[in-house]
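Trainee: Let me begin by handing over the structure; questions about it come next.
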Amino acid sequence: MSGPAPRQRDRIGGRAIALIDGNSFYCSCERVFDPKLSGVPVIVLSNNDGCAIARTAEAKSLGIKMGDPYFKIRDMCRVKGVRVFSSNYTLYGDMSGRANAVYRDFSPMVEIYSIDESFLDLSDVHPDRRLELGRDLRSTVRAWTGIPTCVGIGPTKTLAKLANHIAKRIAPLDGVCDLTDPAEYEHWLCRIPAGEVWGIGRASLAKLEAMGVDSVADLADLDPRPVRKALTVVGERIIHELRGLSCLPLGALPAQRKGCAVTRSFSTRIEDRATLEQAVSAHATRLGEKLRREGLGTNHVSVFYHTSEHDRGAPMRSVSTTVTLPEATNDTLALIKAARLGVAKTWREPGSRPWRFSKAGIVTTDLMLLDASPRALIGQLDRERSGPLMAAIDACNARFGRGSVVPARAGMEAKRTWSTKFEMRTPRYTTQVGELPIAVAG
DNA sequence: TCTGGGGTCCTAGGACCC
DNA sequence: TCTGGGGTCCTAGGACCC
């Protein structure tokens with residue numbers, strides 16, 4: 001088939017998917033615990049207080065862009081009274097869990113897509129009631145968690161995302177847009193630029209523009225086959241999804257992850273091997289925690305470290321190596337050993353001008369369920385001892401806070417001058433008794 | 001003139017997302 | 001002085017095999 005295909009077939013009685021997400025989520029979490037932040041510009045910074053990664057509407061209107069380096073906007077923030085926070089992932093993760101608990105009251109199937117976005121199956125809701133349910137959902141989440149949200153509804157995930165985008169930007173919609181409604185669908189698709197579609201990035205947009213595509217409607221009307229040539233099967237799927245034909249399944253269970261990485265920029269440049277080994281050991285420790293939480297193991301660990309591309313004039317060096325373990329593991333001690341071996345294999349003593357390393361990390365890409373993984377014939381690791389030991393460490397850290405118990409080689413031997421900066425972090429209000437907010441009456 | 005034809009597996013790199 | 005971190009999916013191309 002070619003030419004414009006009938007869009008949005010089988011809408012009535014077909015599937016309805018909602019995408020709900022928190023508005024400026026990290027900023028909104030901060031606002032929940034500090035009413036003085038409402039109505040004023042707020043931003044939250046990335047790790048190391050590097051870039052702005054969440055901005056309230058007030059901050060956006062001051063011209064602060066996603067990813068703006070903080071050092072470039074610091075003066076402006078001071079002058080304009082922007083409230084600036086370091087990331088508080090413990091708080092945001094907990095607030096995310098609370099929001100999802102509310103979503104589950106509204107839908108039999110909730111797929112968590114990211115820390116601030118979830119897909120809800122609303123297929124059982126009558127088409128005439130979907131808008132109303134979206135509004136009810138919004139106000140309930142607001143009342144029970146304090147987080148403002150927007151809701152987009154569509155027959156496919158891609159259309160639900162698009163509806164959410166519309167709900168966010170068109171004020172009279174009151175935060176809810178339902179594209180399962182044929183009139184709304186016809187109204188909006190020709191008014192929204194194709195670049196707003198989920199999965200269309202810069203490179204794809206340039207190709208589509210060359211094909212004469214301007215609006216989402218133009219994109220939906222393309223013949224999928226030539227699009228596949230230009231944008232691969234991903235682009236072809238997007239067209240089908242925009243026409244109401246679902247290609248992206250909705251599922252409650254998160255797929256088992258395929259890879260896991262712990263990477264960090266240093267708060268200051270580091271030049272010596274001992275500090276680098278300390279850092280990768282700390283990353284390996286964190287990697288072990290993440291893997292154990294999901295019962296996963298790995299037998300290849302890649303270690304990298306490099307100088308900064310922003311340090312012009314200084315010598316550049318980028319190093320990466322892979323260390324193979326005798327069998328899959330998530331044992332912190334084995335991972336630290338592998339990480340340090342990665343440094344040992346690649347470390348070069350500097351000449352007259354030392355390298356100034358800015359970042360290091362540890363990456364795995366071939367995770368497997370540890371219980372189902374084959375054992376080594378030679379060099380078997382001692383799982384019988386490692387398992388209980390790691391479980392004990394994890395339990396201590398869960399109770400007394402991360403880092404309460406760490407292997408001696410993972411950063412105890414010296415001051416962690418390289419550690420990531422979080423100089424403006426708020427308390428972990430919802431997960432640490434000692435950091436509960438205090439209310440004063442009278 | 002034609003210079004086999006499929007397979008699989010792996011890796012690197014691109015693109016996109018939050 | 002100061003520029004985040006962590007994912008997914010897809011394709012092309014090489015190595016290797018029968």
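Letters A, B, ... mark the chains of the structure tokens in the order given; residue numbers begin at 1 per chain; ligand numbers begin at 1, in order shown.
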Among segment 332-422 of chain A, which residues does DSSP mark as strand (DSSP E or B) when it is run on the backbone? Keep the chain and numbering as in the structure and answer as a PDB file with all heavy atoms, in the first residue's frame.
Mentor:
```pdb
ATOM      1  N   PHE A 357      43.172  13.765  34.531  1.00  0.00           N
ATOM      2  CA  PHE A 357      41.979  12.968  34.249  1.00  0.00           C
ATOM      3  C   PHE A 357      40.741  13.607  34.866  1.00  0.00           C
ATOM      4  O   PHE A 357      40.771  14.092  36.003  1.00  0.00           O
ATOM      5  CB  PHE A 357      42.175  11.540  34.746  1.00  0.00           C
ATOM      6  CG  PHE A 357      43.255  10.824  33.984  1.00  0.00           C
ATOM      7  CD1 PHE A 357      44.464  10.508  34.591  1.00  0.00           C
ATOM      8  CD2 PHE A 357      43.079  10.514  32.634  1.00  0.00           C
ATOM      9  CE1 PHE A 357      45.471   9.870  33.876  1.00  0.00           C
ATOM     10  CE2 PHE A 357      44.079   9.878  31.916  1.00  0.00           C
ATOM     11  CZ  PHE A 357      45.284   9.561  32.540  1.00  0.00           C
ATOM     12  N   SER A 358      39.659  13.603  34.103  1.00  0.00           N
ATOM     13  CA  SER A 358      38.448  14.295  34.539  1.00  0.00           C
ATOM     14  C   SER A 358      37.327  13.325  34.886  1.00  0.00           C
ATOM     15  O   SER A 358      36.359  13.694  35.541  1.00  0.00           O
ATOM     16  CB  SER A 358      37.955  15.247  33.445  1.00  0.00           C
ATOM     17  OG  SER A 358      37.554  14.505  32.301  1.00  0.00           O
ATOM     18  N   LYS A 359      37.450  12.082  34.429  1.00  0.00           N
ATOM     19  CA  LYS A 359      36.321  11.165  34.616  1.00  0.00           C
ATOM     20  C   LYS A 359      36.809   9.734  34.526  1.00  0.00           C
ATOM     21  O   LYS A 359      37.746   9.438  33.781  1.00  0.00           O
ATOM     22  CB  LYS A 359      35.283  11.431  33.516  1.00  0.00           C
ATOM     23  CG  LYS A 359      34.043  10.561  33.574  1.00  0.00           C
ATOM     24  CD  LYS A 359      33.016  11.053  32.575  1.00  0.00           C
ATOM     25  CE  LYS A 359      31.791  10.160  32.578  1.00  0.00           C
ATOM     26  NZ  LYS A 359      30.726  10.691  31.710  1.00  0.00           N
ATOM     27  N   ALA A 360      36.173   8.854  35.283  1.00  0.00           N
ATOM     28  CA  ALA A 360      36.477   7.428  35.197  1.00  0.00           C
ATOM     29  C   ALA A 360      35.191   6.657  35.364  1.00  0.00           C
ATOM     30  O   ALA A 360      34.219   7.166  35.931  1.00  0.00           O
ATOM     31  CB  ALA A 360      37.480   7.011  36.275  1.00  0.00           C
ATOM     32  N   GLY A 361      35.186   5.440  34.862  1.00  0.00           N
ATOM     33  CA  GLY A 361      33.971   4.652  34.995  1.00  0.00           C
ATOM     34  C   GLY A 361      34.221   3.182  34.820  1.00  0.00           C
ATOM     35  O   GLY A 361      35.312   2.751  34.423  1.00  0.00           O
ATOM     36  N   ILE A 362      33.193   2.420  35.126  1.00  0.00           N
ATOM     37  CA  ILE A 362      33.261   0.977  35.000  1.00  0.00           C
ATOM     38  C   ILE A 362      31.939   0.542  34.364  1.00  0.00           C
ATOM     39  O   ILE A 362      30.876   0.982  34.766  1.00  0.00           O
ATOM     40  CB  ILE A 362      33.564   0.355  36.376  1.00  0.00           C
ATOM     41  CG1 ILE A 362      33.487  -1.152  36.359  1.00  0.00           C
ATOM     42  CG2 ILE A 362      32.694   0.881  37.468  1.00  0.00           C
ATOM     43  CD1 ILE A 362      34.224  -1.737  37.565  1.00  0.00           C
ATOM     44  N   VAL A 363      32.053  -0.270  33.316  1.00  0.00           N
ATOM     45  CA  VAL A 363      30.906  -0.562  32.461  1.00  0.00           C
ATOM     46  C   VAL A 363      30.772  -2.060  32.226  1.00  0.00           C
ATOM     47  O   VAL A 363      31.771  -2.735  31.982  1.00  0.00           O
ATOM     48  CB  VAL A 363      31.075   0.138  31.088  1.00  0.00           C
ATOM     49  CG1 VAL A 363      29.885  -0.129  30.183  1.00  0.00           C
ATOM     50  CG2 VAL A 363      31.302   1.634  31.262  1.00  0.00           C
ATOM     51  N   THR A 364      29.565  -2.566  32.302  1.00  0.00           N
ATOM     52  CA  THR A 364      29.315  -3.959  31.912  1.00  0.00           C
ATOM     53  C   THR A 364      28.210  -3.979  30.871  1.00  0.00           C
ATOM     54  O   THR A 364      27.314  -3.140  30.903  1.00  0.00           O
ATOM     55  CB  THR A 364      28.857  -4.816  33.107  1.00  0.00           C
ATOM     56  OG1 THR A 364      27.575  -4.347  33.522  1.00  0.00           O
ATOM     57  CG2 THR A 364      29.816  -4.724  34.267  1.00  0.00           C
ATOM     58  N   MET A 368      23.944 -11.252  33.250  1.00  0.00           N
ATOM     59  CA  MET A 368      23.115 -12.458  33.266  1.00  0.00           C
ATOM     60  C   MET A 368      22.643 -12.709  34.691  1.00  0.00           C
ATOM     61  O   MET A 368      23.241 -12.202  35.642  1.00  0.00           O
ATOM     62  CB  MET A 368      23.919 -13.647  32.743  1.00  0.00           C
ATOM     63  CG  MET A 368      25.151 -13.957  33.571  1.00  0.00           C
ATOM     64  SD  MET A 368      26.211 -15.128  32.725  1.00  0.00           S
ATOM     65  CE  MET A 368      27.421 -14.048  31.973  1.00  0.00           C
ATOM     66  N   LEU A 369      21.590 -13.507  34.797  1.00  0.00           N
ATOM     67  CA  LEU A 369      21.124 -13.882  36.121  1.00  0.00           C
ATOM     68  C   LEU A 369      22.198 -14.757  36.755  1.00  0.00           C
ATOM     69  O   LEU A 369      22.609 -15.762  36.180  1.00  0.00           O
ATOM     70  CB  LEU A 369      19.809 -14.654  36.014  1.00  0.00           C
ATOM     71  CG  LEU A 369      18.584 -13.783  35.724  1.00  0.00           C
ATOM     72  CD1 LEU A 369      17.382 -14.657  35.410  1.00  0.00           C
ATOM     73  CD2 LEU A 369      18.293 -12.866  36.905  1.00  0.00           C
TER      74      LEU A 369
END
```
Trainee: Contacts from chain C to chain A, 6 Å maximum, only C-alpha atoms (C1' of nucleotides): show me the residue list as a PyMOL selection string.
Mentor: chain C and resi 2-4
Trainee: Put those residues in a file: N, CA and C atoms (P, O5', C5', C4', C3', O3' and C1' of nucleotides), as a short mmCIF file (atom, residue, chain, number, x, y, z; two decimals), in the first residue's frame.
Mentor:
```cif
data_model
loop_
_atom_site.label_atom_id
_atom_site.label_comp_id
_atom_site.auth_asym_id
_atom_site.auth_seq_id
_atom_site.Cartn_x
_atom_site.Cartn_y
_atom_site.Cartn_z
P DC C 2 38.56 23.66 35.77
"O5'" DC C 2 37.06 23.85 36.27
"C5'" DC C 2 36.51 22.94 37.21
"C4'" DC C 2 35.04 23.20 37.37
"C3'" DC C 2 34.24 23.02 36.09
"O3'" DC C 2 33.70 21.72 36.04
"C1'" DC C 2 33.72 25.11 37.12
P DT C 3 33.87 20.81 34.74
"O5'" DT C 3 32.37 20.38 34.50
"C5'" DT C 3 31.34 21.34 34.44
"C4'" DT C 3 30.40 20.97 33.31
"C3'" DT C 3 30.72 19.70 32.53
"O3'" DT C 3 29.51 19.06 32.17
"C1'" DT C 3 30.70 21.50 31.07
P DG C 4 29.45 17.51 31.89
"O5'" DG C 4 28.42 16.88 32.92
"C5'" DG C 4 28.46 17.17 34.31
"C4'" DG C 4 27.82 15.99 34.99
"C3'" DG C 4 28.41 14.66 34.52
"O3'" DG C 4 28.56 13.82 35.64
"C1'" DG C 4 26.09 14.75 33.99
#
```
Trainee: So which one's closest to DA15 of chain B, A:Ala203, A:Ile393, A:Cys77, A:Ile20? Using only C-alpha atoms (C1' of nucleotides), please.
Mentor: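 Between A:Ala203, A:Ile393, A:Cys77, A:Ile20, the residue approaching DA15 of chain B most closely is A:Ala203.
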Trainee: Could you please write out, as a ChimeraX atom specification, every residue of segment 159-282 of chain A that DSSP assigns to helix (DSSP H, G or I)?
Mentor: /A:159-169,171-173,182-189,194-196,202-210,216-220,224-242,273-282
Trainee: Find the residues around DC18 of chain C up to 12 Å (only C-alpha atoms (C1' of nucleotides) counted), leave out those fewer than 6 positions away in its own chain, and share them as a ChimeraX atom specification.
Mentor: /B:5-8
Trainee: Can you work out the spacing between atom CA of Thr307 of chain A and atom CA of Trp355 of chain A in Å, to one decimal?
Mentor: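 Pair atom CA of Thr307 of chain A / atom CA of Trp355 of chain A returns 6.8 Å.
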Trainee: Can you work out the spacing between atom CA of Pro148 of chain A and atom CA of Trp198 of chain A in Å, to one decimal?
Mentor: 21.8 Å
Trainee: Report as a list of chain:residue names all protein, DNA and RNA residues lying within 8 Å of Ile153 of chain A, evaluated on only C-alpha atoms (C1' of nucleotides), omitting residues in the same chain fewer than 2 positions from it.
Mentor: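 Here the answer would be A:Ala16, A:Ile17, A:Ala18, A:Leu19, A:Arg130, A:Val151, A:Pro155, A:Leu159, A:Ala160, A:Lys161, A:Ala163, A:Asn164, A:Val176, A:Cys177, A:Asp178, A:Leu179, A:Thr180.
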